[in-house]
>>> print(open('final-v5.txt').read())   # compact mmCIF, C-alpha atoms
# COMPACT_ATOMS: atom_id res chain seq x y z
CA MET A 1 126.47 80.47 84.24
CA ASN A 2 127.37 83.59 86.22
CA VAL A 3 124.43 84.49 88.49
CA THR A 4 124.55 87.54 90.72
CA PHE A 5 122.19 88.67 93.48
CA SER A 6 121.10 92.09 94.63
CA LEU A 7 118.21 93.71 96.45
CA ALA A 8 115.54 94.95 94.06
CA GLY A 9 114.68 98.61 93.82
CA LEU A 10 111.30 100.14 93.06
CA GLU A 11 112.54 100.97 89.56
CA GLU A 12 112.56 97.21 88.84
CA ALA A 13 108.87 96.70 89.66
CA ALA A 14 107.84 96.40 86.00
CA ALA A 15 110.49 93.73 85.35
CA LEU A 16 109.43 91.83 88.48
CA ALA A 17 105.76 91.95 87.43
CA ALA A 18 106.75 90.64 83.98
CA LEU A 19 108.70 87.79 85.62
CA HIS A 20 105.71 86.87 87.83
CA ASN A 21 103.35 86.96 84.84
CA SER A 22 105.68 84.80 82.76
CA VAL A 23 105.68 82.16 85.51
CA ALA A 24 101.89 82.38 86.01
CA GLU A 25 101.26 82.00 82.28
CA ASP A 26 103.67 79.04 82.05
CA LEU A 27 102.02 77.26 85.00
CA THR A 28 98.56 77.89 83.55
CA ARG A 29 99.66 76.53 80.16
CA ARG A 30 101.12 73.41 81.79
CA PHE A 31 98.58 72.71 84.56
CA GLY A 32 95.42 74.59 83.57
CA HIS A 33 93.79 77.49 85.33
CA GLY A 34 94.24 77.57 89.09
CA PHE A 35 95.18 79.73 92.04
CA TRP A 36 98.65 80.12 90.45
CA SER A 37 97.16 81.84 87.37
CA SER A 38 96.67 85.36 88.73
CA LEU A 39 98.68 88.02 86.96
CA GLY A 40 100.59 90.74 88.75
CA SER A 41 101.06 94.43 88.11
CA GLU A 42 103.79 96.97 88.68
CA ARG A 43 101.61 98.59 91.35
CA GLY A 44 101.13 95.23 93.09
CA VAL A 45 104.87 94.58 93.08
CA ILE A 46 105.56 97.99 94.60
CA ALA A 47 102.95 97.35 97.31
CA GLY A 48 104.58 94.00 98.09
CA MET A 49 108.01 95.60 98.31
CA ARG A 50 106.93 98.04 101.03
CA HIS A 51 107.14 95.39 103.74
CA ALA A 52 109.59 92.93 102.22
CA ARG A 53 113.16 92.48 101.08
CA VAL A 54 113.18 91.35 97.46
CA THR A 55 116.31 89.67 96.15
CA VAL A 56 116.77 89.33 92.41
CA ALA A 57 118.95 86.90 90.51
CA ARG A 58 120.54 88.13 87.30
CA VAL A 59 122.66 86.84 84.46
CA GLY A 60 124.81 88.76 82.06
CA GLY A 61 126.13 91.49 84.26
CA LYS A 62 127.15 92.77 87.64
CA ALA A 63 124.88 92.50 90.67
CA ASP A 64 122.97 95.63 89.62
CA GLN A 65 122.93 94.94 85.87
CA GLY A 66 121.76 92.20 83.55
CA GLU A 67 118.48 90.43 82.98
CA ILE A 68 116.40 89.53 86.04
CA ILE A 69 115.84 85.78 85.87
CA GLY A 70 114.47 85.14 89.36
CA ASN A 71 113.42 86.70 92.61
CA LEU A 72 112.63 85.79 96.19
CA ARG A 73 110.68 87.97 98.65
CA LEU A 74 111.35 87.79 102.42
CA GLN A 75 109.48 89.55 105.20
CA THR A 76 109.21 89.56 108.98
CA LYS A 77 105.41 89.95 109.03
CA LYS A 78 103.46 86.68 109.04
CA PRO A 79 101.41 86.19 105.84
CA TRP A 80 97.65 85.83 106.18
CA ALA A 81 97.59 82.13 105.19
CA ILE A 82 100.18 80.98 107.75
CA ASP A 83 99.04 79.44 111.05
CA VAL A 84 102.09 79.55 113.33
CA SER A 85 100.78 76.75 115.57
CA TYR A 86 102.15 74.19 113.08
CA PHE A 87 105.74 75.44 113.21
CA THR A 88 108.68 74.91 115.54
CA PRO A 89 108.80 77.78 118.04
CA ALA A 90 111.16 80.49 116.79
CA LYS A 91 112.12 83.85 118.25
CA LYS A 92 112.56 85.58 114.89
CA PRO A 93 111.06 83.74 111.93
CA ILE A 94 111.29 85.15 108.41
CA TYR A 95 108.67 84.33 105.79
CA VAL A 96 109.15 83.63 102.09
CA THR A 97 106.16 85.37 100.51
CA GLY A 98 107.06 84.96 96.88
CA MET A 99 109.57 83.28 94.62
CA ALA A 100 109.80 83.00 90.86
CA VAL A 101 112.31 81.84 88.27
CA LEU A 102 111.89 82.65 84.59
CA PRO A 103 110.51 79.48 82.93
CA SER A 104 113.40 79.31 80.44
CA MET A 105 115.87 79.38 83.37
CA GLN A 106 114.20 76.74 85.55
CA ARG A 107 115.99 73.49 86.37
CA LYS A 108 119.37 75.21 86.12
CA GLY A 109 120.00 75.78 89.84
CA ILE A 110 118.69 79.35 89.97
CA GLY A 111 115.96 78.53 92.51
CA ARG A 112 118.37 76.66 94.76
CA ALA A 113 120.83 79.55 94.52
CA LEU A 114 118.08 82.00 95.49
CA VAL A 115 117.20 79.85 98.52
CA ALA A 116 120.88 79.68 99.53
CA GLU A 117 121.10 83.47 99.22
CA ALA A 118 117.93 83.80 101.33
CA VAL A 119 119.45 81.58 104.04
CA ARG A 120 122.55 83.78 104.06
CA GLN A 121 120.43 86.92 104.36
CA VAL A 122 118.23 85.45 107.09
CA ARG A 123 121.27 84.47 109.16
CA ASP A 124 122.51 88.08 108.83
CA TRP A 125 119.05 89.52 109.63
CA PRO A 126 119.39 87.85 112.29
CA ALA A 127 116.59 85.31 112.37
CA ASP A 128 116.32 81.69 113.36
CA ALA A 129 113.81 80.13 110.94
CA ILE A 130 112.45 80.47 107.42
CA ARG A 131 108.77 79.65 106.94
CA LEU A 132 106.59 79.48 103.84
CA ASP A 133 103.52 78.01 102.29
CA ALA A 134 103.27 76.40 98.87
CA PHE A 135 100.30 75.23 96.86
CA ASN A 136 99.57 71.53 97.35
CA ALA A 137 98.90 70.87 93.66
CA ASP A 138 100.75 69.74 90.55
CA ALA A 139 101.72 73.38 89.95
CA GLY A 140 102.96 73.74 93.53
CA ALA A 141 106.58 73.87 94.63
CA GLY A 142 106.52 71.43 97.54
CA GLY A 143 109.02 69.04 95.98
CA PHE A 144 111.41 71.91 95.27
CA TYR A 145 111.35 73.12 98.88
CA ARG A 146 111.91 69.57 100.18
CA LYS A 147 114.99 69.28 97.92
CA CYS A 148 116.24 72.58 99.35
CA GLY A 149 116.15 71.15 102.89
CA PHE A 150 112.82 72.52 104.09
CA ARG A 151 110.70 70.29 106.30
CA GLU A 152 106.98 69.96 105.61
CA VAL A 153 105.13 70.67 108.86
CA ALA A 154 101.47 70.64 107.76
CA SER A 155 98.98 70.27 104.94
CA VAL A 156 96.04 72.64 105.32
CA VAL A 157 93.20 74.23 103.39
CA TYR A 158 92.95 77.98 103.72
CA ARG A 159 90.14 79.82 101.89
CA ASN A 160 89.71 76.81 99.59
CA ASP A 161 93.42 76.74 98.69
CA PRO A 162 95.28 73.51 99.56
CA LEU A 163 98.58 74.57 101.10
CA LEU A 164 101.68 72.91 102.45
CA TYR A 165 103.59 74.62 105.25
CA PHE A 166 107.38 74.33 105.22
CA GLU A 167 110.11 75.48 107.57
CA LEU A 168 113.86 75.58 107.71
CA VAL A 169 115.15 76.03 111.25
CA LEU A 170 118.55 77.67 111.25
CA GLN A 171 121.11 76.52 113.79
CA GLY A 172 123.78 78.94 115.02
>>> encode(input="final-v5.txt", output="structure tokens")
Amino acid sequence: MNVTFSLAGLEEAAALAALHNSVAEDLTRRFGHGFWSSLGSERGVIAGMRHARVTVARVGGKADQGEIIGNLRLQTKKPWAIDVSYFTPAKKPIYVTGMAVLPSMQRKGIGRALVAEAVRQVRDWPADAIRLDAFNADAGAGGFYRKCGFREVASVVYRNDPLLYFELVLQG
């Protein structure tokens, strides 16, 4: 499968909201209603893009064409649910604040490819660590991030949400 990556533009906000909603609906169908069930909007996607770099994965075309099948959002600003005291000290950490892969495209290496692309981008940023939180529930992605080489650094509850903190410290 030929997967290409590019930075998302504001004109793709509707497609990104549809991707998020497809994932939320799939998780809700499989695991019941939970904190993963909230639906997104085009306006919400645009607001999230103001302070983040959103990479999209596509099939069926060049880097700026084809169906969006996944995305990953990176930002320099620490998300509200992250407590930095649990992480390895880093001069310039980058935070993953969202990731989604179309349910029909999951388990085909798209998520791993997005993480590899994120690592490449973060090295070029330049930054020295990638941090994120994931829901600590059946619908969470903790196992996926472990398989991608992230190290779990804490299990916390923030505003009644059970979270796992993960980091990937980048060496030279």
>>> atom_distance(input="final-v5.txt", atom1="atom CA of Ala47 of chain A", atom2="atom CA of Ser22 of chain A")
19.4 Å
>>> atom_distance(input="final-v5.txt", atom1="atom CA of Thr28 of chain A", atom2="atom CA of Ala137 of chain A")
12.3 Å
>>> residues_around(input="final-v5.txt", residues="Ala154 of chain A", least_positions_apart="5", cutoff="7 Å", atoms="only C-alpha atoms", output="list of chain:residue names")
A:Tyr86, A:Leu164, A:Tyr165
>>> closest_residue(input="final-v5.txt", among="A:His20, A:Leu170, A:Arg50, A:Gln121", to="Gly98 of chain A", atoms="all atoms listed in the file")
A:His20
>>> residues_around(input="final-v5.txt", residues="Val56 of chain A", least_positions_apart="6", cutoff="8 Å", atoms="all atoms listed in the file", output="list in words")
Phe5, Ser6, Leu7, Ala8, Ile68, Ile69, Gly70, Asn71 and Leu72 of chain A
>>> atom_distance(input="final-v5.txt", atom1="atom CA of Gly40 of chain A", atom2="atom CA of Asn21 of chain A")
6.1 Å
>>> closest_residue(input="final-v5.txt", among="A:Leu163, A:Ala139, A:Val59, A:Ala127", to="Glu25 of chain A", atoms="only C-alpha atoms")
A:Ala139
>>> residues_near_point(input="final-v5.txt", point="(113.3, 78.2, 87.6)", cutoff="12 Å", atoms="all atoms listed in the file", output="ChimeraX atom specification")
/A:19-20,22-23,26-27,57,68-72,99-115,141,144
>>> residues_near_point(input="final-v5.txt", point="(93.3, 72.0, 99.9)", cutoff="12 Å", atoms="all atoms listed in the file", output="ChimeraX atom specification")
/A:35,134-137,140,154-165
>>> write_last_selection(input="final-v5.txt", atoms="C-alpha atoms", output="PDB file, in the coordinates of the input")
ATOM      1  CA  PHE A  35      95.180  79.730  92.040  1.00  0.00           C
ATOM      2  CA  ALA A 134     103.270  76.400  98.870  1.00  0.00           C
ATOM      3  CA  PHE A 135     100.300  75.230  96.860  1.00  0.00           C
ATOM      4  CA  ASN A 136      99.570  71.530  97.350  1.00  0.00           C
ATOM      5  CA  ALA A 137      98.900  70.870  93.660  1.00  0.00           C
ATOM      6  CA  GLY A 140     102.960  73.740  93.530  1.00  0.00           C
ATOM      7  CA  ALA A 154     101.470  70.640 107.760  1.00  0.00           C
ATOM      8  CA  SER A 155      98.980  70.270 104.940  1.00  0.00           C
ATOM      9  CA  VAL A 156      96.040  72.640 105.320  1.00  0.00           C
ATOM     10  CA  VAL A 157      93.200  74.230 103.390  1.00  0.00           C
ATOM     11  CA  TYR A 158      92.950  77.980 103.720  1.00  0.00           C
ATOM     12  CA  ARG A 159      90.140  79.820 101.890  1.00  0.00           C
ATOM     13  CA  ASN A 160      89.710  76.810  99.590  1.00  0.00           C
ATOM     14  CA  ASP A 161      93.420  76.740  98.690  1.00  0.00           C
ATOM     15  CA  PRO A 162      95.280  73.510  99.560  1.00  0.00           C
ATOM     16  CA  LEU A 163      98.580  74.570 101.100  1.00  0.00           C
ATOM     17  CA  LEU A 164     101.680  72.910 102.450  1.00  0.00           C
ATOM     18  CA  TYR A 165     103.590  74.620 105.250  1.00  0.00           C
TER      19      TYR A 165
END
>>> closest_residue(input="final-v5.txt", among="A:Lys77, A:Arg120, A:Arg146, A:Arg131", to="Thr55 of chain A", atoms="all atoms listed in the file")
A:Arg120
>>> closest_residue(input="final-v5.txt", among="A:Lys78, A:Ala129, A:Asp124, A:Phe166", to="Gly143 of chain A", atoms="only C-alpha atoms")
A:Phe166
>>> closest_residue(input="final-v5.txt", among="A:Gly142, A:Pro89, A:Gly44, A:Gly66", to="Ala18 of chain A", atoms="only C-alpha atoms")
A:Gly44
